[in-house]
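A.B. asks: Enclosed is the structure file run_6.cif (mmCIF, C-alpha atoms, pLDDT in the B column; chains and numbers go by the auth columns).
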data_coords
loop_
_atom_site.group_PDB
_atom_site.id
_atom_site.type_symbol
_atom_site.label_atom_id
_atom_site.label_comp_id
_atom_site.label_asym_id
_atom_site.label_seq_id
_atom_site.Cartn_x
_atom_site.Cartn_y
_atom_site.Cartn_z
_atom_site.B_iso_or_equiv
_atom_site.auth_seq_id
_atom_site.auth_asym_id
ATOM 1 C CA MET A 1 -1.624 11.908 3.953 49.00 6 E
ATOM 2 C CA ALA A 2 -1.654 14.848 1.558 51.00 7 E
ATOM 3 C CA ILE A 3 -4.866 16.812 1.043 50.00 8 E
ATOM 4 C CA HIS A 4 -5.103 15.753 -2.619 49.00 9 E
ATOM 5 C CA ASN A 5 -4.896 12.097 -1.520 55.00 10 E
ATOM 6 C CA ASP A 6 -7.743 12.664 0.955 68.00 11 E
ATOM 7 C CA PHE A 7 -9.761 14.299 -1.823 65.00 12 E
ATOM 8 C CA GLY A 8 -9.121 11.341 -4.132 71.00 13 E
ATOM 9 C CA ARG A 9 -10.062 8.796 -1.456 83.00 14 E
ATOM 10 C CA GLU A 10 -13.242 10.732 -0.722 88.00 15 E
ATOM 11 C CA GLY A 11 -14.094 10.597 -4.433 89.00 16 E
ATOM 12 C CA GLU A 12 -13.552 6.840 -4.407 94.00 17 E
ATOM 13 C CA GLN A 13 -15.939 6.486 -1.462 94.00 18 E
ATOM 14 C CA ILE A 14 -18.582 8.540 -3.296 94.00 19 E
ATOM 15 C CA ALA A 15 -18.112 6.323 -6.376 96.00 20 E
ATOM 16 C CA LYS A 16 -18.290 3.165 -4.268 97.00 21 E
ATOM 17 C CA ALA A 17 -21.577 4.251 -2.635 97.00 22 E
ATOM 18 C CA TYR A 18 -22.987 5.131 -6.062 97.00 23 E
ATOM 19 C CA LEU A 19 -22.023 1.734 -7.528 98.00 24 E
ATOM 20 C CA VAL A 20 -23.509 -0.196 -4.605 98.00 25 E
ATOM 21 C CA LYS A 21 -26.732 1.779 -5.019 98.00 26 E
ATOM 22 C CA GLN A 22 -26.721 0.804 -8.719 98.00 27 E
ATOM 23 C CA GLY A 23 -26.520 -2.895 -7.794 98.00 28 E
ATOM 24 C CA TYR A 24 -22.789 -3.545 -8.203 98.00 29 E
ATOM 25 C CA GLN A 25 -20.944 -5.839 -5.808 98.00 30 E
ATOM 26 C CA ILE A 26 -17.599 -4.486 -4.591 98.00 31 E
ATOM 27 C CA ILE A 27 -14.893 -7.091 -5.226 97.00 32 E
ATOM 28 C CA ALA A 28 -11.747 -5.084 -4.410 97.00 33 E
ATOM 29 C CA GLU A 29 -10.635 -1.554 -3.595 97.00 34 E
ATOM 30 C CA ASN A 30 -7.279 0.010 -4.442 97.00 35 E
ATOM 31 C CA TYR A 31 -5.872 -3.118 -6.104 97.00 36 E
ATOM 32 C CA GLN A 32 -2.116 -2.677 -6.585 96.00 37 E
ATOM 33 C CA PHE A 33 -0.012 -4.172 -9.344 96.00 38 E
ATOM 34 C CA SER A 34 3.502 -2.880 -9.752 92.00 39 E
ATOM 35 C CA HIS A 35 3.143 0.913 -9.587 92.00 40 E
ATOM 36 C CA VAL A 36 -0.475 0.938 -10.816 95.00 41 E
ATOM 37 C CA GLU A 37 -3.626 1.080 -8.720 96.00 42 E
ATOM 38 C CA ILE A 38 -7.098 0.096 -9.865 98.00 43 E
ATOM 39 C CA ASP A 39 -9.465 2.151 -7.742 97.00 44 E
ATOM 40 C CA LEU A 40 -12.399 -0.263 -7.684 98.00 45 E
ATOM 41 C CA ILE A 41 -13.116 -3.715 -9.030 98.00 46 E
ATOM 42 C CA VAL A 42 -16.836 -4.448 -9.063 98.00 47 E
ATOM 43 C CA GLN A 43 -19.213 -6.995 -10.519 97.00 48 E
ATOM 44 C CA LYS A 44 -22.758 -6.879 -11.843 96.00 49 E
ATOM 45 C CA ASN A 45 -24.588 -9.490 -13.897 93.00 50 E
ATOM 46 C CA LYS A 46 -21.424 -11.631 -14.156 92.00 51 E
ATOM 47 C CA ILE A 47 -19.516 -8.716 -15.732 96.00 52 E
ATOM 48 C CA LEU A 48 -16.296 -7.821 -13.932 97.00 53 E
ATOM 49 C CA VAL A 49 -15.709 -4.074 -14.079 98.00 54 E
ATOM 50 C CA PHE A 50 -12.441 -2.230 -13.453 98.00 55 E
ATOM 51 C CA VAL A 51 -13.281 1.309 -12.380 98.00 56 E
ATOM 52 C CA GLU A 52 -11.031 4.361 -12.538 98.00 57 E
ATOM 53 C CA VAL A 53 -12.312 7.194 -10.352 97.00 58 E
ATOM 54 C CA LYS A 54 -11.254 10.738 -11.231 95.00 59 E
ATOM 55 C CA SER A 55 -12.140 13.558 -8.853 91.00 60 E
ATOM 56 C CA ARG A 56 -11.622 17.248 -9.442 90.00 61 E
ATOM 57 C CA GLY A 57 -12.478 20.388 -7.527 84.00 62 E
ATOM 58 C CA THR A 58 -13.531 22.145 -10.732 81.00 63 E
ATOM 59 C CA SER A 59 -13.992 21.485 -14.428 78.00 64 E
ATOM 60 C CA LYS A 60 -12.257 24.759 -15.234 80.00 65 E
ATOM 61 C CA TYR A 61 -9.170 22.943 -16.567 84.00 66 E
ATOM 62 C CA GLY A 62 -11.024 20.023 -18.125 87.00 67 E
ATOM 63 C CA HIS A 63 -13.460 17.329 -17.157 90.00 68 E
ATOM 64 C CA PRO A 64 -12.119 14.597 -14.848 92.00 69 E
ATOM 65 C CA GLU A 65 -12.695 11.787 -17.359 94.00 70 E
ATOM 66 C CA ASN A 66 -10.333 13.489 -19.812 92.00 71 E
ATOM 67 C CA PHE A 67 -7.438 12.865 -17.424 93.00 72 E
ATOM 68 C CA VAL A 68 -7.562 9.109 -18.083 96.00 73 E
ATOM 69 C CA ASN A 69 -5.070 9.354 -20.919 95.00 74 E
ATOM 70 C CA LYS A 70 -3.597 6.726 -23.234 95.00 75 E
ATOM 71 C CA ASP A 71 -0.759 5.841 -20.848 96.00 76 E
ATOM 72 C CA LYS A 72 -3.098 5.535 -17.857 95.00 77 E
ATOM 73 C CA ARG A 73 -5.379 3.220 -19.842 96.00 78 E
ATOM 74 C CA LYS A 74 -2.385 1.085 -20.854 96.00 79 E
ATOM 75 C CA TYR A 75 -1.256 0.699 -17.229 96.00 80 E
ATOM 76 C CA LEU A 76 -4.789 -0.066 -16.041 97.00 81 E
ATOM 77 C CA LYS A 77 -5.129 -2.796 -18.667 97.00 82 E
ATOM 78 C CA ARG A 78 -1.828 -4.321 -17.556 96.00 83 E
ATOM 79 C CA ALA A 79 -2.954 -4.344 -13.908 97.00 84 E
ATOM 80 C CA ALA A 80 -6.329 -5.802 -14.911 97.00 85 E
ATOM 81 C CA ARG A 81 -4.618 -8.654 -16.772 95.00 86 E
ATOM 82 C CA ALA A 82 -2.586 -9.417 -13.629 95.00 87 E
ATOM 83 C CA TYR A 83 -5.738 -9.409 -11.512 96.00 88 E
ATOM 84 C CA LEU A 84 -7.554 -11.675 -13.970 96.00 89 E
ATOM 85 C CA ALA A 85 -4.663 -14.149 -14.050 93.00 90 E
ATOM 86 C CA GLY A 86 -4.906 -14.549 -10.281 92.00 91 E
ATOM 87 C CA ALA A 87 -8.688 -14.436 -10.001 92.00 92 E
ATOM 88 C CA GLY A 88 -9.436 -16.929 -12.747 84.00 93 E
ATOM 89 C CA HIS A 89 -12.382 -14.872 -14.052 86.00 94 E
ATOM 90 C CA ARG A 90 -13.381 -16.101 -17.497 85.00 95 E
ATOM 91 C CA GLY A 91 -16.421 -13.948 -18.185 89.00 96 E
ATOM 92 C CA GLU A 92 -16.964 -10.523 -19.647 96.00 97 E
ATOM 93 C CA VAL A 93 -14.731 -7.642 -18.522 97.00 98 E
ATOM 94 C CA ARG A 94 -15.263 -3.903 -18.822 97.00 99 E
ATOM 95 C CA PHE A 95 -13.407 -0.690 -17.981 98.00 100 E
ATOM 96 C CA ASP A 96 -15.478 2.197 -16.592 98.00 101 E
ATOM 97 C CA ILE A 97 -14.629 5.719 -15.508 98.00 102 E
ATOM 98 C CA ILE A 98 -16.452 7.587 -12.779 98.00 103 E
ATOM 99 C CA ALA A 99 -15.866 11.338 -12.940 97.00 104 E
ATOM 100 C CA ILE A 100 -16.647 13.423 -9.871 95.00 105 E
ATOM 101 C CA ILE A 101 -16.642 17.177 -9.427 93.00 106 E
ATOM 102 C CA LYS A 102 -16.802 18.493 -5.898 83.00 107 E
ATOM 103 C CA GLU A 103 -16.422 22.219 -5.331 77.00 108 E
ATOM 104 C CA ARG A 104 -15.868 23.737 -1.886 73.00 109 E
ATOM 105 C CA HIS A 105 -17.023 20.678 0.052 71.00 110 E
ATOM 106 C CA LEU A 106 -20.163 20.398 -2.065 73.00 111 E
ATOM 107 C CA PHE A 107 -20.746 17.405 -4.301 76.00 112 E
ATOM 108 C CA LYS A 108 -21.595 18.877 -7.685 80.00 113 E
ATOM 109 C CA GLU A 109 -21.554 16.138 -10.309 91.00 114 E
ATOM 110 C CA LEU A 110 -20.972 12.409 -10.851 96.00 115 E
ATOM 111 C CA LYS A 111 -20.790 10.877 -14.322 97.00 116 E
ATOM 112 C CA HIS A 112 -20.469 7.151 -14.937 98.00 117 E
ATOM 113 C CA PHE A 113 -18.902 6.196 -18.259 97.00 118 E
ATOM 114 C CA GLU A 114 -19.567 2.512 -18.850 97.00 119 E
ATOM 115 C CA ASP A 115 -17.263 0.652 -21.221 96.00 120 E
ATOM 116 C CA ALA A 116 -15.081 3.769 -21.417 95.00 121 E
ATOM 117 C CA PHE A 117 -12.169 1.958 -23.076 88.00 122 E
ATOM 118 C CA PHE A 118 -10.897 -1.550 -23.777 80.00 123 E
#
Please render this file's structure as structure tokens.
C.D. replies:
Amino acid sequence: MAIHNDFGREGEQIAKAYLVKQGYQIIAENYQFSHVEIDLIVQKNKILVFVEVKSRGTSKYGHPENFVNKDKRKYLKRAARAYLAGAGHRGEVRFDIIAIIKERHLFKELKHFEDAFF
């Protein structure tokens, strides 16, 4: 696996640990639909949350959350609809972004953007 893939997976594990600590239940990890992957699907208080995790080694070229562009959001929504069709969830749904900055093997920052887009 490429180094950037390892870095991304490590970011997802950091996000997962953070969410569990915040009281979320992990429903699925790395859900695939077509060519799109939803990093984490979690639930808290009957709200199903689709989480996009963005990890960067620096914020020099922009904050990680800014890399979830219009096209990425469109594809994530499409994958979420596919998941919902199979899961039969009828309650509230939300899309969150977790942005992580880790410089030189040191965890620097984690930001959780709830209800980041719809």
A.B. asks: Per residue of range 19-86 of chain E within 12 Å of range 95-109 of chain E, what are the shortest atom pair and its distance in Å to one decimal, counting all atoms listed in the file, with rows by chain and residue number, as JSON lines?
C.D. replies:
{"residue": "E:Ile19", "atom": "CA", "partner": "E:Ile105", "partner_atom": "CA", "distance": 8.4}
{"residue": "E:Ala20", "atom": "CA", "partner": "E:Ile103", "partner_atom": "CA", "distance": 6.7}
{"residue": "E:Lys21", "atom": "CA", "partner": "E:Ile103", "partner_atom": "CA", "distance": 9.8}
{"residue": "E:Ala22", "atom": "CA", "partner": "E:Ile103", "partner_atom": "CA", "distance": 11.8}
{"residue": "E:Tyr23", "atom": "CA", "partner": "E:Ile103", "partner_atom": "CA", "distance": 9.7}
{"residue": "E:Leu24", "atom": "CA", "partner": "E:Ile103", "partner_atom": "CA", "distance": 9.6}
{"residue": "E:Ile43", "atom": "CA", "partner": "E:Phe100", "partner_atom": "CA", "distance": 10.3}
{"residue": "E:Asp44", "atom": "CA", "partner": "E:Ile102", "partner_atom": "CA", "distance": 10.0}
{"residue": "E:Leu45", "atom": "CA", "partner": "E:Asp101", "partner_atom": "CA", "distance": 9.7}
{"residue": "E:Ile46", "atom": "CA", "partner": "E:Phe100", "partner_atom": "CA", "distance": 9.5}
{"residue": "E:Val47", "atom": "CA", "partner": "E:Arg99", "partner_atom": "CA", "distance": 9.9}
{"residue": "E:Gln48", "atom": "CA", "partner": "E:Val98", "partner_atom": "CA", "distance": 9.2}
{"residue": "E:Lys49", "atom": "CA", "partner": "E:Glu97", "partner_atom": "CA", "distance": 10.4}
{"residue": "E:Asn50", "atom": "CA", "partner": "E:Glu97", "partner_atom": "CA", "distance": 9.6}
{"residue": "E:Lys51", "atom": "CA", "partner": "E:Gly96", "partner_atom": "CA", "distance": 6.8}
{"residue": "E:Ile52", "atom": "CA", "partner": "E:Glu97", "partner_atom": "CA", "distance": 5.0}
{"residue": "E:Leu53", "atom": "CA", "partner": "E:Val98", "partner_atom": "CA", "distance": 4.9}
{"residue": "E:Val54", "atom": "CA", "partner": "E:Arg99", "partner_atom": "CA", "distance": 4.8}
{"residue": "E:Phe55", "atom": "CA", "partner": "E:Phe100", "partner_atom": "CA", "distance": 4.9}
{"residue": "E:Val56", "atom": "CA", "partner": "E:Asp101", "partner_atom": "CA", "distance": 4.8}
{"residue": "E:Glu57", "atom": "CA", "partner": "E:Ile102", "partner_atom": "CA", "distance": 4.9}
{"residue": "E:Val58", "atom": "CA", "partner": "E:Ile103", "partner_atom": "CA", "distance": 4.8}
{"residue": "E:Lys59", "atom": "CA", "partner": "E:Ala104", "partner_atom": "CA", "distance": 5.0}
{"residue": "E:Ser60", "atom": "CA", "partner": "E:Ile105", "partner_atom": "CA", "distance": 4.6}
{"residue": "E:Arg61", "atom": "CA", "partner": "E:Ile106", "partner_atom": "CA", "distance": 5.0}
{"residue": "E:Gly62", "atom": "CA", "partner": "E:Glu108", "partner_atom": "CA", "distance": 4.9}
{"residue": "E:Thr63", "atom": "CA", "partner": "E:Ile106", "partner_atom": "CA", "distance": 6.0}
{"residue": "E:Ser64", "atom": "CA", "partner": "E:Ile106", "partner_atom": "CA", "distance": 7.1}
{"residue": "E:Lys65", "atom": "CA", "partner": "E:Ile106", "partner_atom": "CA", "distance": 10.5}
{"residue": "E:Tyr66", "atom": "CA", "partner": "E:Ile106", "partner_atom": "CA", "distance": 11.8}
{"residue": "E:Gly67", "atom": "CA", "partner": "E:Ile106", "partner_atom": "CA", "distance": 10.7}
{"residue": "E:His68", "atom": "CA", "partner": "E:Ala104", "partner_atom": "CA", "distance": 7.7}
{"residue": "E:Pro69", "atom": "CA", "partner": "E:Ala104", "partner_atom": "CA", "distance": 5.3}
{"residue": "E:Glu70", "atom": "CA", "partner": "E:Ala104", "partner_atom": "CA", "distance": 5.5}
{"residue": "E:Asn71", "atom": "CA", "partner": "E:Ala104", "partner_atom": "CA", "distance": 9.1}
{"residue": "E:Phe72", "atom": "CA", "partner": "E:Ala104", "partner_atom": "CA", "distance": 9.7}
{"residue": "E:Val73", "atom": "CA", "partner": "E:Ile102", "partner_atom": "CA", "distance": 8.3}
{"residue": "E:Asn74", "atom": "CA", "partner": "E:Ile102", "partner_atom": "CA", "distance": 11.6}
{"residue": "E:Lys77", "atom": "CA", "partner": "E:Ile102", "partner_atom": "CA", "distance": 11.8}
{"residue": "E:Arg78", "atom": "CA", "partner": "E:Phe100", "partner_atom": "CA", "distance": 9.1}
{"residue": "E:Lys79", "atom": "CA", "partner": "E:Phe100", "partner_atom": "CA", "distance": 11.5}
{"residue": "E:Leu81", "atom": "CA", "partner": "E:Phe100", "partner_atom": "CA", "distance": 8.9}
{"residue": "E:Lys82", "atom": "CA", "partner": "E:Phe100", "partner_atom": "CA", "distance": 8.6}
{"residue": "E:Ala84", "atom": "CA", "partner": "E:Phe100", "partner_atom": "CA", "distance": 11.8}
{"residue": "E:Ala85", "atom": "CA", "partner": "E:Phe100", "partner_atom": "CA", "distance": 9.3}
{"residue": "E:Arg86", "atom": "CA", "partner": "E:Val98", "partner_atom": "CA", "distance": 10.3}
A.B. asks: What is the CA of Phe38 in chain E-CA of Ala87 in chain E distance in Å, reported with one decimal?
C.D. replies: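 Separating CA of Phe38 in chain E from CA of Ala87 in chain E is a distance of 7.2 Å.
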A.B. asks: Which residue, E:Ile32, E:Ala92, E:Val41, E:Ala121, has the smallest gap to Tyr80 in chain E when you use all atoms listed in the file?
C.D. replies: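 Selected residue with least distance to Tyr80 in chain E: E:Val41.
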A.B. asks: Record the distance separating CA of His117 in chain E and CA of Glu15 in chain E, expressed in Å with one decimal.
C.D. replies: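 Between these atoms lies a distance of 16.3 Å.
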A.B. asks: Between CA of Phe118 in chain E and CA of Glu34 in chain E, what is the spacing in Å?
C.D. replies: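 We find that CA of Glu34 in chain E and CA of Phe118 in chain E lie 18.5 Å from each other.
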